[in-house]
Amino acid sequence: LIMSPAMWKWTCLVSHLLLSTTVSPLGRQQPLHPKRPFITFTGDQAEGNFNHLVVDERTGHIYLGAVNRIYKLSSDLKVLVTHQTGPDEDNPKCYPPRIVQTCNEPLTPTNNINKMLLIDYKENRLIACGSLYQGICKLLRLDDLFKLGEPFHKKEHYLSGVNESGSVFGVIVSYSNMDDKLFIATAVDGKPEYFPTISSRKLTKNSEADGMFAYVFHDEFVASMIKIPSDTFTIIPDFDIYYIYGFSSGNFVYFLTLQPEMISPPGSTTKEQVYTSKLVRLCKEDTAFNSYVEVPIGCEKNGVEYRLLQAAYLSKAGAILARSLNVGPEDDILFTVFSKGQKRKMKSLDESALCIFVLKEINDRIKDRLQSCYRGEGTLDLAWLKVKDIPCSSALLTIDDNFCGLDMNAPLGVSSMVRGLPIFTEDRDRMTSVIAYVYKNHSLAFVGTKSGKLKK
């Protein structure tokens, strides 16, 4: 998601407000003074936009990924330390990058756009991935942004060739007795032979270890990854899966995506390209990625369809919302923002809706689909596998809530859309981002808009 600098100011503000309202030494909620001035931070304008922001939940320190810079800020947005990440000599056509082998393409000074910023709490380090050299990552010490490592000599170290800041999303799965995992999802920009669209990687304790970012499992036939088949591009030349948000819950990792699809409108013999928003689910422990399932999601209010996913955030229901949804207060709720229609990804309409999904209801829909497929009903029904409309195979087994797939009936798509509950619409100033949390049993959402306004 690309935001204007003005919108990043309110993003910084929201992070600070959440810390101010929810953290205190005595555990009490601290009220905000109604006339307290906004706290802002403005970077070097010559360096371009800010791209990503993460907050250390233990210290309140803020890490800001920008073009050619990583900033560490205090909770009141004072600069504590900076780390320079670029520019450097590069050419996006060099694969592998020229730092590995000689490249015949002309090299020019190239900006390093921050594409992913994650805090690895277990090892007290920041994972900062950029656009230089096909998407390599730096591992920086949280305290002073000292570079602990920058693996670049293996093909697994090049995570994404796309230069847009919103093209990569990562989710860390942490363990107490073994190395953590990093699930990486990325647009591939027509290069499926180089980059898997989703993969799980090793996060080694040693930032300079040879196995850092290696696939969790990889042999001649199976690996911890999903690759888009090259023949998909013959049907949709500009096909890609765009990742809007990701998170882990229970035994699963989830990504919310936007992807093109060819459909036949009612009464028409020709197909047209639209965009479909989908939730992707994988088991945390599935090293072969047999558990990959995707389900379309959307929203509708007063006959108007909202299908272009703009942003999402996972929160708890809270006691009051839980009662109205007939769920528990600790149940996971997805807050999502969609814009109207589903045709124009890059020029979304200003009409937008804030909708909520109960994660358990999505999981129930996925379980129903798995059960029917393993009864041999229907096809795998995955849009980007349509060229191979593979029928489901039957197998006698019990599929419970935590079923993680077999080396059959995968990857799998759900055909029917799961509809969210619309709770707020905006017709003029498109909503573009959202966060949510529970305060005194109430579920609160902060929404950012295209013009840089903040709605609570």
# chains A, B, ... in the order shown; residues from 1 in each chain; ligands from 1
>>> residues_around(residues="Lys343 (chain A)", least_positions_apart="3", cutoff="12 Å", atoms="only C-alpha atoms", output="list in words")
Leu258, Gln259, Pro260, Glu261, Met262, Ile263, Glu272, Gln273, Val274, Tyr275, Thr276, Ser277, Glu305, Tyr306, Arg307, Leu308, Leu309, Ser339, Lys340, Met346, Lys347, Ser348 and Leu349 of chain A
>>> write_last_selection(atoms="N, CA and C atoms", output="CSV table (one decimal), in the first residue's frame")
chain,number,residue,atom,x,y,z
A,258,LEU,N,-4.8,-9.6,-3.6
A,258,LEU,CA,-5.6,-9.0,-4.7
A,258,LEU,C,-5.0,-9.6,-6.0
A,259,GLN,N,-5.8,-10.3,-6.8
A,259,GLN,CA,-5.2,-10.9,-8.0
A,259,GLN,C,-6.2,-10.8,-9.2
A,260,PRO,N,-5.7,-10.7,-10.4
A,260,PRO,CA,-6.5,-10.6,-11.6
A,260,PRO,C,-7.1,-12.0,-11.9
A,261,GLU,N,-8.3,-11.9,-12.6
A,261,GLU,CA,-9.0,-13.1,-13.0
A,261,GLU,C,-9.8,-12.8,-14.2
A,262,MET,N,-10.0,-13.8,-15.1
A,262,MET,CA,-10.8,-13.6,-16.3
A,262,MET,C,-12.1,-14.2,-16.0
A,263,ILE,N,-13.2,-13.4,-16.2
A,263,ILE,CA,-14.6,-13.9,-16.0
A,263,ILE,C,-15.4,-13.6,-17.3
A,272,GLU,N,-13.6,-10.9,-19.6
A,272,GLU,CA,-13.0,-9.6,-19.2
A,272,GLU,C,-12.2,-9.8,-17.9
A,273,GLN,N,-11.2,-9.0,-17.8
A,273,GLN,CA,-10.3,-9.1,-16.6
A,273,GLN,C,-10.8,-8.3,-15.5
A,274,VAL,N,-11.0,-8.9,-14.3
A,274,VAL,CA,-11.4,-8.2,-13.1
A,274,VAL,C,-10.3,-8.6,-12.0
A,275,TYR,N,-10.5,-7.9,-10.8
A,275,TYR,CA,-9.6,-8.3,-9.7
A,275,TYR,C,-10.4,-8.9,-8.6
A,276,THR,N,-9.9,-9.9,-8.0
A,276,THR,CA,-10.6,-10.7,-7.0
A,276,THR,C,-9.8,-10.6,-5.7
A,277,SER,N,-10.4,-10.3,-4.6
A,277,SER,CA,-9.7,-10.3,-3.3
A,277,SER,C,-9.8,-11.6,-2.7
A,305,GLU,N,-21.4,-3.5,-4.5
A,305,GLU,CA,-20.4,-4.5,-4.2
A,305,GLU,C,-19.0,-3.8,-4.0
A,306,TYR,N,-18.4,-4.1,-2.9
A,306,TYR,CA,-17.0,-3.6,-2.6
A,306,TYR,C,-16.1,-4.8,-2.7
A,307,ARG,N,-15.2,-4.9,-3.7
A,307,ARG,CA,-14.4,-6.1,-4.0
A,307,ARG,C,-12.9,-5.9,-4.1
A,308,LEU,N,-12.5,-4.6,-4.1
A,308,LEU,CA,-11.1,-4.3,-4.2
A,308,LEU,C,-10.5,-4.1,-2.9
A,309,LEU,N,-9.7,-5.0,-2.3
A,309,LEU,CA,-9.2,-4.9,-1.0
A,309,LEU,C,-8.1,-3.8,-1.0
A,339,SER,N,-12.6,-1.0,-1.7
A,339,SER,CA,-13.2,0.0,-2.6
A,339,SER,C,-14.2,-0.6,-3.5
A,340,LYS,N,-15.1,0.2,-4.1
A,340,LYS,CA,-16.2,-0.3,-4.9
A,340,LYS,C,-15.7,-1.0,-6.2
A,346,MET,N,-5.4,-0.2,-10.0
A,346,MET,CA,-4.6,1.0,-9.9
A,346,MET,C,-5.3,2.3,-9.7
A,347,LYS,N,-6.6,2.3,-10.1
A,347,LYS,CA,-7.4,3.5,-10.0
A,347,LYS,C,-8.7,3.2,-9.3
A,348,SER,N,-8.6,2.8,-8.1
A,348,SER,CA,-9.8,2.4,-7.3
A,348,SER,C,-10.7,3.6,-7.2
A,349,LEU,N,-12.0,3.3,-7.2
A,349,LEU,CA,-13.0,4.3,-7.0
A,349,LEU,C,-13.0,4.8,-5.6
>>> residues_around(residues="Ile198 (chain A)", least_positions_apart="4", cutoff="6 Å", atoms="only C-alpha atoms", output="PyMOL selection string")
chain A and resi 184-185+225-226
>>> write_last_selection(atoms="N, CA, C and O atoms", output="JSON list (two decimals), in the first residue's frame")
[["chain", "number", "residue", "atom", "x", "y", "z"],
["A", 184, "ILE", "N", 7.26, -15.51, 3.52],
["A", 184, "ILE", "CA", 7.41, -14.36, 2.63],
["A", 184, "ILE", "C", 6.43, -14.49, 1.48],
["A", 184, "ILE", "O", 6.35, -15.54, 0.82],
["A", 185, "ALA", "N", 5.67, -13.43, 1.22],
["A", 185, "ALA", "CA", 4.75, -13.38, 0.09],
["A", 185, "ALA", "C", 5.08, -12.16, -0.76],
["A", 185, "ALA", "O", 5.28, -11.07, -0.22],
["A", 225, "MET", "N", 7.32, -23.73, -0.88],
["A", 225, "MET", "CA", 7.02, -22.57, -1.72],
["A", 225, "MET", "C", 5.84, -22.85, -2.64],
["A", 225, "MET", "O", 5.47, -24.00, -2.87],
["A", 226, "ILE", "N", 5.27, -21.79, -3.14],
["A", 226, "ILE", "CA", 4.27, -21.84, -4.20],
["A", 226, "ILE", "C", 4.77, -20.99, -5.35],
["A", 226, "ILE", "O", 5.11, -19.80, -5.16]]
>>> residues_around(residues="Thr287 (chain A)", least_positions_apart="5", cutoff="9 Å", atoms="only C-alpha atoms", output="VMD selection string")
chain A and resid 200 215 to 218 222 to 225
>>> residues_around(residues="Asp144 (chain A)", least_positions_apart="3", cutoff="12 Å", atoms="only C-alpha atoms", output="NGL selection string")
:A and (61 or 63 or 70-73 or 79-83 or 124-126 or 139-141 or 147-148)
>>> write_last_selection(atoms="N, CA and C atoms", output="PDB file, in the first residue's frame")
ATOM      1  N   HIS A  61       9.710   2.123  20.805  1.00  0.00           N
ATOM      2  CA  HIS A  61      10.527   2.685  19.734  1.00  0.00           C
ATOM      3  C   HIS A  61       9.898   2.380  18.375  1.00  0.00           C
ATOM      4  N   TYR A  63      10.392   2.110  14.207  1.00  0.00           N
ATOM      5  CA  TYR A  63      11.337   1.910  13.111  1.00  0.00           C
ATOM      6  C   TYR A  63      10.627   2.244  11.807  1.00  0.00           C
ATOM      7  N   ILE A  70      16.833   3.780   6.962  1.00  0.00           N
ATOM      8  CA  ILE A  70      16.040   3.209   8.041  1.00  0.00           C
ATOM      9  C   ILE A  70      16.214   4.146   9.240  1.00  0.00           C
ATOM     10  N   TYR A  71      15.094   4.597   9.814  1.00  0.00           N
ATOM     11  CA  TYR A  71      15.131   5.482  10.976  1.00  0.00           C
ATOM     12  C   TYR A  71      14.691   4.718  12.213  1.00  0.00           C
ATOM     13  N   LYS A  72      15.338   5.010  13.341  1.00  0.00           N
ATOM     14  CA  LYS A  72      14.821   4.584  14.636  1.00  0.00           C
ATOM     15  C   LYS A  72      14.396   5.843  15.384  1.00  0.00           C
ATOM     16  N   LEU A  73      13.114   5.875  15.792  1.00  0.00           N
ATOM     17  CA  LEU A  73      12.548   7.044  16.456  1.00  0.00           C
ATOM     18  C   LEU A  73      12.105   6.672  17.861  1.00  0.00           C
ATOM     19  N   VAL A  79      14.407  11.461  16.408  1.00  0.00           N
ATOM     20  CA  VAL A  79      15.343  10.554  15.751  1.00  0.00           C
ATOM     21  C   VAL A  79      16.404  10.081  16.742  1.00  0.00           C
ATOM     22  N   LEU A  80      16.533   8.765  16.885  1.00  0.00           N
ATOM     23  CA  LEU A  80      17.542   8.182  17.763  1.00  0.00           C
ATOM     24  C   LEU A  80      18.764   7.728  16.969  1.00  0.00           C
ATOM     25  N   VAL A  81      18.535   7.139  15.797  1.00  0.00           N
ATOM     26  CA  VAL A  81      19.642   6.680  14.958  1.00  0.00           C
ATOM     27  C   VAL A  81      19.110   6.433  13.552  1.00  0.00           C
ATOM     28  N   THR A  82      19.975   6.558  12.545  1.00  0.00           N
ATOM     29  CA  THR A  82      19.596   6.255  11.166  1.00  0.00           C
ATOM     30  C   THR A  82      20.596   5.270  10.579  1.00  0.00           C
ATOM     31  N   HIS A  83      20.149   4.543   9.579  1.00  0.00           N
ATOM     32  CA  HIS A  83      21.013   3.604   8.868  1.00  0.00           C
ATOM     33  C   HIS A  83      20.795   3.801   7.372  1.00  0.00           C
ATOM     34  N   ASN A 124      16.328  -9.989  18.723  1.00  0.00           N
ATOM     35  CA  ASN A 124      16.552  -8.558  18.948  1.00  0.00           C
ATOM     36  C   ASN A 124      17.154  -7.866  17.719  1.00  0.00           C
ATOM     37  N   ARG A 125      16.511  -8.108  16.566  1.00  0.00           N
ATOM     38  CA  ARG A 125      17.026  -7.532  15.320  1.00  0.00           C
ATOM     39  C   ARG A 125      15.877  -7.114  14.408  1.00  0.00           C
ATOM     40  N   LEU A 126      16.214  -6.256  13.474  1.00  0.00           N
ATOM     41  CA  LEU A 126      15.263  -5.733  12.500  1.00  0.00           C
ATOM     42  C   LEU A 126      15.581  -6.346  11.143  1.00  0.00           C
ATOM     43  N   LEU A 139      19.990  -7.434   8.163  1.00  0.00           N
ATOM     44  CA  LEU A 139      19.587  -7.735   9.533  1.00  0.00           C
ATOM     45  C   LEU A 139      20.305  -6.735  10.432  1.00  0.00           C
ATOM     46  N   LEU A 140      19.535  -5.867  11.083  1.00  0.00           N
ATOM     47  CA  LEU A 140      20.076  -4.756  11.853  1.00  0.00           C
ATOM     48  C   LEU A 140      19.775  -4.945  13.333  1.00  0.00           C
ATOM     49  N   ARG A 141      20.753  -4.634  14.196  1.00  0.00           N
ATOM     50  CA  ARG A 141      20.533  -4.711  15.634  1.00  0.00           C
ATOM     51  C   ARG A 141      19.546  -3.625  16.045  1.00  0.00           C
ATOM     52  N   LYS A 147      24.666  -3.225  11.376  1.00  0.00           N
ATOM     53  CA  LYS A 147      24.386  -4.323  10.447  1.00  0.00           C
ATOM     54  C   LYS A 147      24.977  -5.627  10.959  1.00  0.00           C
ATOM     55  N   LEU A 148      24.099  -6.575  11.302  1.00  0.00           N
ATOM     56  CA  LEU A 148      24.518  -7.886  11.781  1.00  0.00           C
ATOM     57  C   LEU A 148      24.814  -8.833  10.629  1.00  0.00           C
TER      58      LEU A 148
END
